[in-house]
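Here's final-v2.cif, which has mmCIF, C-alpha atoms:
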```
data_data
#
loop_
_atom_site.label_atom_id
_atom_site.label_comp_id
_atom_site.auth_asym_id
_atom_site.auth_seq_id
_atom_site.Cartn_x
_atom_site.Cartn_y
_atom_site.Cartn_z
CA MET A 735 -3.31 -8.03 40.57
CA GLN A 736 -5.19 -5.18 38.90
CA LEU A 737 -8.62 -5.26 37.31
CA LEU A 738 -9.52 -2.63 34.72
CA THR A 739 -13.19 -2.27 33.79
CA ALA A 740 -14.66 -0.22 30.95
CA ASP A 741 -17.86 0.21 29.00
CA CYS A 742 -16.11 -1.47 26.06
CA VAL A 743 -12.95 -3.55 25.61
CA ILE A 744 -11.58 -4.07 22.08
CA PRO A 745 -9.09 -6.97 22.37
CA GLY A 746 -7.68 -6.61 18.85
CA ALA A 747 -8.38 -6.12 15.18
CA GLU A 748 -9.84 -9.58 14.64
CA ARG A 749 -11.74 -10.07 17.90
CA PRO A 750 -15.22 -8.72 18.77
CA PRO A 751 -15.52 -6.12 21.51
CA LEU A 752 -16.69 -6.92 25.01
CA ARG A 753 -19.49 -4.56 26.14
CA PRO A 754 -18.90 -4.08 29.04
CA GLY A 755 -15.48 -5.63 29.58
CA ALA A 756 -12.74 -6.16 32.11
CA VAL A 757 -9.04 -7.00 31.89
CA ALA A 758 -6.99 -8.59 34.67
CA VAL A 759 -3.31 -7.63 34.85
CA ASP A 760 -0.55 -9.11 36.99
CA ALA A 761 3.25 -8.79 36.88
CA GLY A 762 3.05 -6.63 33.79
CA ARG A 763 1.03 -9.04 31.66
CA ILE A 764 -2.58 -9.77 30.77
CA VAL A 765 -3.96 -12.60 32.88
CA ALA A 766 -7.53 -12.78 31.60
CA LEU A 767 -10.39 -10.77 30.10
CA GLY A 768 -14.15 -11.11 30.25
CA THR A 769 -17.22 -9.39 31.63
CA PRO A 770 -16.78 -7.27 34.78
CA ASP A 771 -19.01 -9.57 36.87
CA ASP A 772 -17.13 -12.70 35.84
CA MET A 773 -13.72 -11.12 36.39
CA ARG A 774 -14.63 -9.78 39.84
CA ALA A 775 -15.77 -13.26 40.78
CA ARG A 776 -12.53 -14.81 39.51
CA PHE A 777 -10.22 -12.19 41.06
CA PRO A 778 -12.03 -10.84 44.14
CA ALA A 779 -8.88 -9.46 45.79
CA SER A 780 -7.78 -7.38 42.79
CA GLY A 781 -7.27 -3.67 42.90
CA LEU A 782 -9.92 -1.99 40.73
CA THR A 783 -9.44 0.72 38.09
CA ALA A 784 -12.93 1.60 36.89
CA LEU A 785 -12.79 3.50 33.59
CA GLY A 786 -16.52 4.13 33.28
CA ASP A 787 -17.69 4.91 29.75
CA ALA A 788 -14.21 4.55 28.27
CA ILE A 789 -13.10 2.20 25.50
CA LEU A 790 -10.10 0.07 26.46
CA LEU A 791 -7.90 -1.28 23.66
CA PRO A 792 -4.28 -2.28 22.94
CA GLY A 793 -1.85 0.61 23.20
CA PHE A 794 -0.81 2.19 19.92
CA VAL A 795 2.60 1.52 18.38
CA ASN A 796 4.46 4.43 16.77
CA ALA A 797 6.67 2.26 14.59
CA HIS A 798 9.01 4.93 13.20
CA GLN A 799 10.04 8.19 14.81
CA HIS A 800 13.25 9.89 15.89
CA GLY A 801 12.61 11.26 19.36
CA ARG A 802 12.11 14.85 18.25
CA GLY A 803 9.81 16.27 20.91
CA LEU A 804 9.72 19.60 19.08
CA SER A 805 8.60 19.62 15.46
CA GLN A 806 10.84 20.75 12.63
CA VAL A 807 8.79 23.94 12.33
CA GLN A 808 9.42 24.71 16.00
CA LEU A 809 13.12 23.95 15.51
CA GLY A 810 13.36 26.32 12.56
CA TYR A 811 13.35 24.22 9.41
CA PRO A 812 9.93 24.16 7.70
CA ASP A 813 8.71 21.68 5.09
CA ASP A 814 10.90 21.21 2.02
CA GLN A 815 12.05 18.43 -0.25
CA LEU A 816 13.69 15.73 1.85
CA GLU A 817 17.36 16.19 0.95
CA PRO A 818 17.62 19.99 1.39
CA TRP A 819 15.41 19.66 4.48
CA ILE A 820 17.92 17.21 6.01
CA SER A 821 20.81 19.53 5.12
CA ARG A 822 19.07 22.53 6.67
CA ARG A 823 18.39 20.54 9.82
CA ARG A 824 22.03 19.48 10.09
CA GLY A 825 23.10 23.09 9.76
CA ARG A 826 21.45 24.04 13.07
CA LYS A 827 23.01 23.72 16.48
CA ALA A 828 22.54 20.27 18.01
CA PRO A 829 19.85 20.15 20.73
CA ASP A 830 20.00 18.03 23.85
CA ALA A 831 19.03 14.53 22.64
CA TYR A 832 17.91 13.41 26.10
CA LEU A 833 15.57 16.34 26.70
CA LEU A 834 14.13 16.30 23.20
CA THR A 835 13.49 12.54 23.36
CA ARG A 836 11.99 12.78 26.83
CA LEU A 837 9.52 15.38 25.58
CA ALA A 838 8.67 13.16 22.59
CA ALA A 839 8.12 10.15 24.86
CA GLN A 840 5.84 12.08 27.20
CA GLU A 841 3.83 13.39 24.24
CA MET A 842 3.42 9.88 22.85
CA LEU A 843 2.20 8.54 26.18
CA ARG A 844 -0.25 11.44 26.45
CA ASN A 845 -1.58 10.53 23.00
CA GLY A 846 -2.16 6.83 23.69
CA VAL A 847 1.12 5.43 22.33
CA THR A 848 2.61 2.72 24.53
CA ALA A 849 5.46 1.50 22.33
CA THR A 850 7.72 2.99 19.69
CA LEU A 851 10.71 2.40 17.49
CA HIS A 852 13.36 5.09 17.74
CA ALA A 853 14.91 5.07 14.28
CA ASN A 854 18.60 5.67 13.70
CA TYR A 855 19.42 9.31 14.25
CA SER A 856 22.36 11.53 15.12
CA TYR A 857 22.73 15.22 15.87
CA ALA A 858 26.44 15.05 14.91
CA THR A 859 27.70 16.19 18.29
CA GLY A 860 30.86 14.12 17.86
CA ASP A 861 29.85 11.72 20.65
CA TYR A 862 27.22 9.39 19.18
CA GLU A 863 27.30 6.96 22.10
CA ALA A 864 26.50 9.75 24.57
CA GLU A 865 23.62 10.89 22.35
CA LEU A 866 22.22 7.38 22.11
CA ARG A 867 22.52 6.73 25.84
CA GLY A 868 20.67 9.97 26.49
CA VAL A 869 17.89 8.77 24.19
CA ILE A 870 17.66 5.43 25.99
CA ARG A 871 17.61 7.15 29.39
CA ALA A 872 14.68 9.30 28.27
CA TYR A 873 12.61 6.28 27.25
CA GLU A 874 13.61 4.36 30.36
CA GLU A 875 12.61 7.19 32.71
CA THR A 876 9.24 7.86 31.08
CA GLY A 877 8.39 4.15 30.86
CA LEU A 878 7.47 4.22 27.16
CA ARG A 879 8.31 0.85 25.59
CA ALA A 880 11.03 1.53 23.02
CA THR A 881 12.99 -0.40 20.44
CA VAL A 882 16.05 1.82 20.06
CA CYS A 883 18.07 1.48 16.87
CA VAL A 884 21.84 1.87 16.87
CA GLY A 885 22.38 4.08 13.83
CA PHE A 886 25.05 3.85 11.15
CA ALA A 887 25.93 5.56 7.88
CA ASN A 888 29.24 5.76 6.04
CA GLN A 889 28.40 7.44 2.72
CA GLY A 890 25.96 9.80 1.04
CA GLY A 891 25.87 12.39 3.79
CA LEU A 892 26.67 15.23 1.39
CA VAL A 893 25.77 13.82 -2.03
CA TYR A 894 24.23 10.48 -2.90
CA PRO A 895 26.33 7.85 -4.65
CA PRO A 896 27.49 7.18 -7.31
CA THR A 897 28.63 10.83 -7.17
CA ASP A 898 32.12 10.93 -5.68
CA GLU A 899 31.97 13.02 -2.52
CA SER A 900 35.66 13.94 -2.58
CA ALA A 901 35.37 15.28 -6.11
CA PHE A 902 32.25 17.22 -5.13
CA ARG A 903 34.01 18.77 -2.15
CA ASP A 904 36.91 19.83 -4.38
CA CYS A 905 34.47 21.86 -6.48
CA LEU A 906 33.34 23.92 -3.48
CA SER A 907 34.76 27.22 -2.33
CA PRO A 908 37.48 27.16 0.35
CA GLN A 909 34.98 28.69 2.80
CA ALA A 910 32.43 25.93 2.15
CA GLN A 911 35.08 23.23 2.49
CA ALA A 912 36.20 24.73 5.80
CA LEU A 913 32.64 24.64 7.14
CA LEU A 914 32.24 21.00 6.13
CA ASN A 915 35.53 20.09 7.76
CA GLN A 916 34.31 21.56 11.05
CA THR A 917 31.32 19.18 11.19
CA PRO A 918 31.91 16.24 13.55
CA PRO A 919 31.09 12.75 12.28
CA ALA A 920 27.47 11.77 12.84
CA TYR A 921 28.09 8.09 13.55
CA LEU A 922 30.80 5.80 14.86
CA PRO A 923 32.93 3.72 12.47
CA LEU A 924 31.44 0.33 11.64
CA GLN A 925 33.35 -1.88 14.09
CA GLU A 926 32.76 0.58 16.93
CA THR A 927 29.05 0.63 16.01
CA LEU A 928 28.84 -3.15 16.24
CA ALA A 929 30.80 -3.16 19.50
CA LEU A 930 28.39 -0.55 20.94
CA THR A 931 25.48 -2.69 19.81
CA ASP A 932 26.94 -5.70 21.60
CA ARG A 933 27.36 -3.69 24.82
CA LEU A 934 23.80 -2.40 24.67
CA LEU A 935 22.37 -5.84 23.88
CA SER A 936 24.12 -7.16 26.97
CA GLU A 937 23.16 -4.24 29.22
CA TYR A 938 19.49 -4.25 28.24
CA ALA A 939 18.92 -7.99 27.92
CA GLY A 940 15.67 -8.74 29.73
CA HIS A 941 14.86 -5.08 30.34
CA PRO A 942 11.12 -4.56 30.87
CA THR A 943 10.73 -1.73 28.33
CA ILE A 944 13.98 -1.17 26.35
CA SER A 945 15.05 -3.29 23.38
CA ILE A 946 17.93 -2.76 20.97
CA ALA A 947 17.95 -3.06 17.17
CA LEU A 948 20.33 -2.17 14.36
CA GLY A 949 19.57 0.98 12.36
CA PRO A 950 21.59 1.29 9.15
CA ALA A 951 20.28 4.55 7.70
CA GLY A 952 19.28 3.25 4.27
CA PRO A 953 20.70 1.72 1.07
CA GLN A 954 22.22 4.93 -0.32
CA TRP A 955 23.79 5.84 3.04
CA VAL A 956 25.51 2.49 3.78
CA SER A 957 28.18 0.74 1.71
CA ASP A 958 27.71 -2.85 0.57
CA ALA A 959 30.58 -4.05 2.78
CA ALA A 960 28.98 -2.41 5.81
CA TRP A 961 25.58 -3.92 4.98
CA GLN A 962 27.19 -7.37 4.90
CA SER A 963 28.82 -6.87 8.32
CA ILE A 964 25.62 -5.50 9.85
CA ALA A 965 23.57 -8.35 8.38
CA ALA A 966 26.02 -10.96 9.70
CA HIS A 967 25.94 -9.37 13.15
CA ALA A 968 22.14 -9.30 13.18
CA ALA A 969 21.88 -12.93 12.07
CA ARG A 970 24.37 -13.99 14.74
CA THR A 971 22.70 -12.10 17.58
CA GLY A 972 19.07 -12.35 16.45
CA THR A 973 18.80 -8.56 16.41
CA GLY A 974 16.22 -6.81 14.24
CA ILE A 975 17.18 -4.36 11.48
CA HIS A 976 15.23 -1.20 10.65
CA PHE A 977 16.08 1.32 7.92
CA HIS A 978 14.73 4.00 5.58
CA LEU A 979 13.79 2.79 2.11
CA LEU A 980 12.86 4.55 -1.15
CA GLU A 981 11.58 7.65 0.60
CA SER A 982 12.22 10.32 -2.05
CA PRO A 983 12.47 10.69 -5.84
CA ALA A 984 16.22 11.18 -5.42
CA GLN A 985 16.49 7.86 -3.56
CA ARG A 986 14.46 6.22 -6.32
CA ALA A 987 16.98 7.54 -8.86
CA VAL A 988 19.87 6.15 -6.78
CA ALA A 989 18.18 2.75 -6.67
CA GLU A 990 17.79 2.76 -10.44
CA THR A 991 21.45 3.66 -10.92
CA LEU A 992 23.14 1.52 -8.28
CA TYR A 993 20.84 -1.48 -8.07
CA SER A 994 19.18 -1.57 -11.50
CA GLY A 995 15.90 -0.76 -9.75
CA ALA A 996 16.06 -3.90 -7.57
CA VAL A 997 17.26 -2.54 -4.23
CA LEU A 998 15.64 -5.26 -2.10
CA LYS A 999 17.10 -8.02 -4.23
CA HIS A 1000 20.48 -6.33 -3.82
CA LEU A 1001 20.11 -6.20 -0.02
CA GLU A 1002 18.92 -9.79 0.00
CA ALA A 1003 22.15 -10.86 -1.71
CA LEU A 1004 24.07 -9.11 1.10
CA GLY A 1005 22.26 -11.23 3.72
CA VAL A 1006 20.07 -8.49 5.18
CA PHE A 1007 16.90 -10.59 5.40
CA GLU A 1008 18.37 -13.40 7.48
CA THR A 1009 16.82 -11.72 10.53
CA GLN A 1010 13.68 -9.68 11.33
CA VAL A 1011 13.59 -6.58 9.14
CA SER A 1012 11.31 -3.56 8.87
CA ALA A 1013 11.69 -0.48 6.72
CA ALA A 1014 10.09 2.97 6.74
CA HIS A 1015 8.55 5.04 3.94
CA PHE A 1016 8.72 3.01 0.65
CA THR A 1017 6.72 5.81 -0.98
CA GLN A 1018 8.77 5.70 -4.21
CA ALA A 1019 8.57 1.90 -4.58
CA SER A 1020 7.77 0.30 -7.92
CA ALA A 1021 5.49 -2.68 -8.50
CA HIS A 1022 8.64 -4.82 -8.69
CA ASP A 1023 9.77 -3.50 -5.29
CA VAL A 1024 6.40 -4.47 -3.81
CA GLU A 1025 6.80 -8.01 -5.17
CA ASP A 1026 10.29 -8.22 -3.68
CA ALA A 1027 9.09 -6.90 -0.32
CA LEU A 1028 6.49 -9.66 -0.18
CA ARG A 1029 9.03 -12.29 -1.15
CA VAL A 1030 11.63 -11.34 1.49
CA GLY A 1031 9.02 -10.90 4.24
CA LEU A 1032 9.59 -7.18 4.80
CA THR A 1033 7.34 -5.32 7.25
CA LEU A 1034 6.73 -1.73 6.14
CA VAL A 1035 6.12 1.36 8.24
CA SER A 1036 4.22 4.10 6.47
CA ASN A 1037 4.62 7.75 7.48
CA PRO A 1038 1.93 9.42 5.37
CA GLY A 1039 2.04 12.91 6.88
CA ALA A 1040 5.82 13.14 6.60
CA ASN A 1041 5.83 11.77 3.06
CA MET A 1042 3.36 14.37 1.85
CA ARG A 1043 4.84 17.25 3.83
CA LEU A 1044 8.35 16.58 2.47
CA PHE A 1045 7.20 16.42 -1.18
CA ASN A 1046 7.60 12.67 -1.62
CA GLY A 1047 3.94 12.00 -2.44
CA ALA A 1048 1.15 10.12 -0.72
CA PRO A 1049 2.06 6.49 0.03
CA PRO A 1050 -0.07 4.11 -2.09
CA LEU A 1051 -1.38 2.27 0.95
CA ALA A 1052 -4.45 0.87 -0.81
CA ASP A 1053 -2.22 -0.79 -3.40
CA TRP A 1054 0.07 -2.20 -0.72
CA ARG A 1055 -2.89 -3.54 1.24
CA ALA A 1056 -4.32 -5.14 -1.90
CA ALA A 1057 -0.94 -6.78 -2.54
CA GLY A 1058 -0.89 -8.21 0.98
CA LEU A 1059 2.01 -6.20 2.42
CA PRO A 1060 2.01 -5.84 6.22
CA VAL A 1061 2.04 -2.10 6.93
CA ALA A 1062 2.45 -0.37 10.30
CA LEU A 1063 2.34 3.37 10.97
CA GLY A 1064 4.77 5.96 12.33
CA THR A 1065 4.61 9.69 12.81
CA ASP A 1066 8.28 10.33 11.85
CA ASN A 1067 7.89 13.39 14.14
CA CYS A 1068 6.53 15.10 11.04
CA ALA A 1069 2.86 14.19 11.19
CA LEU A 1070 0.17 15.92 9.18
CA ASP A 1071 -0.89 18.28 11.97
CA ASP A 1072 2.68 18.86 13.29
CA THR A 1073 2.04 17.09 16.61
CA GLU A 1074 2.39 13.59 18.02
CA ASP A 1075 -1.38 12.99 17.78
CA TYR A 1076 -1.05 9.37 16.72
CA LEU A 1077 -4.79 8.81 16.24
CA SER A 1078 -5.02 11.61 13.68
CA GLU A 1079 -2.09 10.16 11.75
CA LEU A 1080 -3.57 6.66 11.97
CA ARG A 1081 -6.84 8.03 10.60
CA LEU A 1082 -4.93 9.51 7.64
CA GLY A 1083 -3.17 6.20 6.98
CA GLY A 1084 -6.42 4.28 7.27
CA LEU A 1085 -8.17 6.53 4.76
CA LEU A 1086 -5.30 6.22 2.28
CA ALA A 1087 -5.44 2.44 2.68
CA ARG A 1088 -9.17 2.10 2.03
CA GLY A 1089 -9.18 2.23 -1.73
CA THR A 1090 -12.35 0.59 -2.95
CA GLY A 1091 -12.17 -2.35 -0.54
CA ALA A 1092 -14.82 -3.82 1.74
CA PRO A 1093 -16.10 -1.14 4.17
CA ALA A 1094 -16.87 -3.68 6.87
CA LYS A 1095 -13.18 -4.55 7.30
CA ALA A 1096 -11.60 -1.12 6.75
CA ASN A 1097 -11.37 0.00 10.36
CA ARG A 1098 -10.30 -3.43 11.59
CA LEU A 1099 -7.36 -3.29 9.19
CA THR A 1100 -6.55 0.24 10.31
CA LEU A 1101 -6.49 -0.83 13.96
CA ALA A 1102 -4.11 -3.66 13.06
CA MET A 1103 -1.85 -1.11 11.36
CA GLY A 1104 -1.61 0.81 14.63
CA THR A 1105 -1.26 -2.16 16.98
CA GLU A 1106 -0.51 -5.72 15.85
CA ILE A 1107 1.49 -4.90 12.71
CA GLY A 1108 3.22 -2.12 14.62
CA ALA A 1109 4.33 -4.71 17.17
CA GLN A 1110 5.76 -6.79 14.33
CA ALA A 1111 7.56 -3.76 12.87
CA ILE A 1112 9.33 -2.94 16.14
CA PHE A 1113 10.21 -6.60 16.86
CA GLN A 1114 7.95 -6.89 19.93
CA PRO A 1115 5.64 -9.89 19.33
CA ASP A 1116 4.04 -9.86 22.79
CA ILE A 1117 2.24 -6.53 22.47
CA GLY A 1118 -0.50 -5.24 20.15
CA THR A 1119 -3.43 -7.32 21.41
CA ILE A 1120 -5.27 -7.86 24.68
CA ALA A 1121 -4.88 -11.58 25.33
CA PRO A 1122 -3.61 -13.76 28.19
CA GLY A 1123 0.18 -13.76 28.28
CA GLN A 1124 0.60 -10.54 26.33
CA ARG A 1125 2.25 -7.54 27.95
CA ALA A 1126 -0.22 -5.17 29.57
CA ASP A 1127 0.23 -2.24 27.19
CA LEU A 1128 -3.21 -0.59 27.12
CA VAL A 1129 -4.90 2.70 26.29
CA ALA A 1130 -8.29 3.92 27.50
CA LEU A 1131 -10.13 6.48 25.36
CA ASP A 1132 -13.25 8.50 26.09
CA PRO A 1133 -14.70 9.54 22.69
CA THR A 1134 -16.83 12.24 24.33
CA ARG A 1135 -14.05 13.84 26.36
CA ALA A 1136 -12.67 16.40 23.91
CA ARG A 1137 -15.41 17.01 21.36
CA GLY A 1138 -18.79 16.70 22.97
CA PRO A 1139 -20.99 14.19 24.80
CA TYR A 1140 -23.43 12.87 22.23
CA THR A 1141 -22.85 9.58 20.44
CA ASP A 1142 -25.48 7.37 18.87
CA PRO A 1143 -25.84 4.29 21.11
CA ASP A 1144 -25.71 1.98 18.08
CA CYS A 1145 -22.36 3.35 16.85
CA ASP A 1146 -19.61 0.75 16.60
CA PRO A 1147 -16.92 1.74 19.14
CA LEU A 1148 -14.07 1.19 16.68
CA ASP A 1149 -15.82 3.35 14.08
CA LEU A 1150 -16.10 6.01 16.74
CA ILE A 1151 -12.40 5.84 17.65
CA LEU A 1152 -11.08 5.89 14.09
CA SER A 1153 -13.50 8.49 12.80
CA ARG A 1154 -13.54 10.96 15.66
CA CYS A 1155 -11.04 10.42 18.47
CA THR A 1156 -7.80 12.32 18.91
CA GLY A 1157 -5.04 12.07 21.46
CA ALA A 1158 -6.97 14.53 23.62
CA ASP A 1159 -9.47 11.72 24.30
CA THR A 1160 -6.83 9.61 26.08
CA LEU A 1161 -7.82 8.88 29.66
CA LEU A 1162 -5.10 6.43 30.62
CA THR A 1163 -1.97 4.88 29.14
CA MET A 1164 -0.52 1.72 30.67
CA VAL A 1165 2.83 0.13 29.79
CA GLY A 1166 3.70 -3.26 31.22
CA GLY A 1167 0.99 -2.93 33.85
CA GLU A 1168 2.20 0.51 35.02
CA ILE A 1169 0.04 3.60 34.49
CA ARG A 1170 2.31 6.04 32.67
CA TYR A 1171 -0.27 8.72 31.86
CA ARG A 1172 -3.63 9.55 33.39
CA ALA A 1173 -5.68 12.53 32.25
CA GLY A 1174 -5.76 15.21 34.92
CA ASP A 1175 -2.62 14.07 36.71
CA PRO A 1176 0.22 16.63 36.93
CA PRO A 1177 2.98 16.07 34.35
CA ALA A 1178 5.92 13.92 35.37
CA PRO A 1179 8.91 15.98 36.58
CA THR A 1180 11.87 16.28 34.22
CA ALA A 1181 15.07 14.81 35.59
CA GLU A 1182 17.95 17.19 36.21
#
```
Just dump the structure as structure tokens.
Amino acid sequence: MQLLTADCVIPGAERPPLRPGAVAVDAGRIVALGTPDDMRARFPASGLTALGDAILLPGFVNAHQHGRGLSQVQLGYPDDQLEPWISRRRGRKAPDAYLLTRLAAQEMLRNGVTATLHANYSYATGDYEAELRGVIRAYEETGLRATVCVGFANQGGLVYPPTDESAFRDCLSPQAQALLNQTPPAYLPLQETLALTDRLLSEYAGHPTISIALGPAGPQWVSDAAWQSIAAHAARTGTGIHFHLLESPAQRAVAETLYSGAVLKHLEALGVFETQVSAAHFTQASAHDVEDALRVGLTLVSNPGANMRLFNGAPPLADWRAAGLPVALGTDNCALDDTEDYLSELRLGGLLARGTGAPAKANRLTLAMGTEIGAQAIFQPDIGTIAPGQRADLVALDPTRARGPYTDPDCDPLDLILSRCTGADTLLTMVGGEIRYRAGDPPAPTAE
């Protein structure tokens, strides 16, 4: 049994803070919370972690990223429109997926993130299973809670449909065709993808921190027949589905052409929403798409920094909030300040979502975006709040640590966090009752 005490405990978006507060943790889960005196009386034999003036709250959920521990600028492909940016990235030598993901996981833990969704991704090494197992190993070794998506795409890698890729290739020079023919496939064929998913679901059933989901890349990258097979598999196994949706103007044009502007209705007819589903981006959605998202129960993940950096526009978060859409937040490893500083990205999302709404609720809704709705988006219902029975995924922040000691004593602690804190203010990150980052501790060694 562990007892964590702090000057302030914020249990969740809809619950008032405890000042001071204490949280009891046992076997990886929250047992109780209350005042420090009461909790010491109830659990006198507990080990004590005294956090002093810190604010203790649910760990943040990065609900869409790809395990890129180095930013695209560091890797040599600066901001551009999405499609040429993807092509430029694919033209570079493939990095080590394990090492890059391990660095990303350690950065997230250092910045107060306790759980993430690793979206479908491939470096086209020709061995997708080895890539994916390296990714899983990185999350498992660092202890970051991760929902890892098994990726799939079978069209649109070179040009979006309805353009015929074979005809497009025939128009290229012999040298260009030769280069394309040298590129290994990014993903496994469909049946091998589903078989790999079944193996991983079996291997990681009951794992304390690793969960498996299906990650079809997005409507324009997956054929209708494949969507039907993936949807049937997900419905049969109860596996969540996560994909990219209406991210760019080009994807909007594809949706207009292929689906008469009703891409979610089209996916619904293929059976996609018979299970838990979340989708990232949605920046190019129409009012009709928003209505359909509400109707099918879609959870969205906004990536505001990435959307603006890759010339797709600012996501209309205030409109989505007004419509009642549940929206989580992800960095997409392309955040506004080119780091994994989740709090800065959450602040950006919260400001975009404010609109002209009620100021008193704005920060509460922003916290939910980064915790409770994030838990929903990554298919992990027992994280995102501090309550008995929930997993002990916690972050402790000291708002005076990085940018000076003075704070008005009447300042609301949540206002302080969402207006001023950055990842540098993280004192401690706990996942499933295990401390995975503590400020001042030496960094964890990298496995050979």
Best match for closeness to Trp1054 in chain A among A:Pro895, A:Pro829, A:Gly1089, A:Pro1122, counting all atoms listed in the file: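 The shortest atom-to-atom distance to Trp1054 in chain A comes from A:Gly1089.
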Would you translate the PyMOL selection byres ((chain A and resi 769) around 8) into the concrete set of residues it matches in this file, as an mmCIF file with C-alpha atoms, in the coordinates of the input?
```
data_model
loop_
_atom_site.group_PDB
_atom_site.id
_atom_site.type_symbol
_atom_site.label_atom_id
_atom_site.label_comp_id
_atom_site.auth_asym_id
_atom_site.auth_seq_id
_atom_site.Cartn_x
_atom_site.Cartn_y
_atom_site.Cartn_z
ATOM 1 C CA LEU A 752 -16.690 -6.920 25.010
ATOM 2 C CA ARG A 753 -19.490 -4.560 26.140
ATOM 3 C CA PRO A 754 -18.900 -4.080 29.040
ATOM 4 C CA GLY A 755 -15.480 -5.630 29.580
ATOM 5 C CA ALA A 756 -12.740 -6.160 32.110
ATOM 6 C CA LEU A 767 -10.390 -10.770 30.100
ATOM 7 C CA GLY A 768 -14.150 -11.110 30.250
ATOM 8 C CA PRO A 770 -16.780 -7.270 34.780
ATOM 9 C CA ASP A 771 -19.010 -9.570 36.870
ATOM 10 C CA ASP A 772 -17.130 -12.700 35.840
ATOM 11 C CA MET A 773 -13.720 -11.120 36.390
#
```
Which value, in Å to one decimal, gives the distance between CA of Gln925 in chain A and CA of Ala828 in chain A?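 These atoms are spaced 25.0 Å apart.
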Exactly which residues make up the result of the PyMOL selection byres ((chain A and resi 856) around 7) on this file, given as a PDB file with C-alpha atoms, in the coordinates of the input?
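So the final result, stored in out_10.pdb, reads:
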```pdb
ATOM      1  CA  TYR A 855      19.420   9.310  14.250  1.00  0.00           C
ATOM      2  CA  TYR A 857      22.730  15.220  15.870  1.00  0.00           C
ATOM      3  CA  ALA A 858      26.440  15.050  14.910  1.00  0.00           C
ATOM      4  CA  TYR A 862      27.220   9.390  19.180  1.00  0.00           C
ATOM      5  CA  ALA A 920      27.470  11.770  12.840  1.00  0.00           C
ATOM      6  CA  TYR A 921      28.090   8.090  13.550  1.00  0.00           C
TER       7      TYR A 921
END
```
Give me the result of the PyMOL selection byres ((chain A and resi 983-987) around 10) on this file, residue by residue, as a list of chain:residue names.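 With the shown file as input, the PyMOL selection byres ((chain A and resi 983-987) around 10) matches A:Gln815, A:Leu816, A:Glu817, A:Tyr894, A:Pro895, A:Gly952, A:Pro953, A:Gln954, A:Leu979, A:Leu980, A:Glu981, A:Ser982, A:Val988, A:Ala989, A:Glu990, A:Thr991, A:Leu992, A:Tyr993, A:Ser994, A:Gly995, A:Val997, A:Phe1016, A:Thr1017, A:Gln1018, A:Ala1019, A:Ser1020, A:Phe1045, A:Asn1046, A:Gly1047.
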Take the residues that were just selected and, keeping C-alpha atoms, output them as an mmCIF file, in the frame of the given file.
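See out.cif below for the written result:
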```cif
data_model
loop_
_atom_site.group_PDB
_atom_site.id
_atom_site.type_symbol
_atom_site.label_atom_id
_atom_site.label_comp_id
_atom_site.auth_asym_id
_atom_site.auth_seq_id
_atom_site.Cartn_x
_atom_site.Cartn_y
_atom_site.Cartn_z
ATOM 1 C CA GLN A 815 12.050 18.430 -0.250
ATOM 2 C CA LEU A 816 13.690 15.730 1.850
ATOM 3 C CA GLU A 817 17.360 16.190 0.950
ATOM 4 C CA TYR A 894 24.230 10.480 -2.900
ATOM 5 C CA PRO A 895 26.330 7.850 -4.650
ATOM 6 C CA GLY A 952 19.280 3.250 4.270
ATOM 7 C CA PRO A 953 20.700 1.720 1.070
ATOM 8 C CA GLN A 954 22.220 4.930 -0.320
ATOM 9 C CA LEU A 979 13.790 2.790 2.110
ATOM 10 C CA LEU A 980 12.860 4.550 -1.150
ATOM 11 C CA GLU A 981 11.580 7.650 0.600
ATOM 12 C CA SER A 982 12.220 10.320 -2.050
ATOM 13 C CA VAL A 988 19.870 6.150 -6.780
ATOM 14 C CA ALA A 989 18.180 2.750 -6.670
ATOM 15 C CA GLU A 990 17.790 2.760 -10.440
ATOM 16 C CA THR A 991 21.450 3.660 -10.920
ATOM 17 C CA LEU A 992 23.140 1.520 -8.280
ATOM 18 C CA TYR A 993 20.840 -1.480 -8.070
ATOM 19 C CA SER A 994 19.180 -1.570 -11.500
ATOM 20 C CA GLY A 995 15.900 -0.760 -9.750
ATOM 21 C CA VAL A 997 17.260 -2.540 -4.230
ATOM 22 C CA PHE A 1016 8.720 3.010 0.650
ATOM 23 C CA THR A 1017 6.720 5.810 -0.980
ATOM 24 C CA GLN A 1018 8.770 5.700 -4.210
ATOM 25 C CA ALA A 1019 8.570 1.900 -4.580
ATOM 26 C CA SER A 1020 7.770 0.300 -7.920
ATOM 27 C CA PHE A 1045 7.200 16.420 -1.180
ATOM 28 C CA ASN A 1046 7.600 12.670 -1.620
ATOM 29 C CA GLY A 1047 3.940 12.000 -2.440
#
```
Can you pull out every residue within 6 Å of range 1025-1035 of chain A, counting only C-alpha atoms, but drop anything in the same chain fewer than 2 positions away, and send it as JSON, numbers by chain? {"A": [1011, 1012, 1013, 1014, 1022, 1023, 1060, 1061, 1062, 1063, 1111]}
Produce a file of the selected residues containing C-alpha atoms, as a compact mmCIF listing (two decimals), in the coordinates of the input.
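again25.txt was written with the following content:
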```txt
# COMPACT_ATOMS: atom_id res chain seq x y z
CA VAL A 1011 13.59 -6.58 9.14
CA SER A 1012 11.31 -3.56 8.87
CA ALA A 1013 11.69 -0.48 6.72
CA ALA A 1014 10.09 2.97 6.74
CA HIS A 1022 8.64 -4.82 -8.69
CA ASP A 1023 9.77 -3.50 -5.29
CA PRO A 1060 2.01 -5.84 6.22
CA VAL A 1061 2.04 -2.10 6.93
CA ALA A 1062 2.45 -0.37 10.30
CA LEU A 1063 2.34 3.37 10.97
CA ALA A 1111 7.56 -3.76 12.87
```
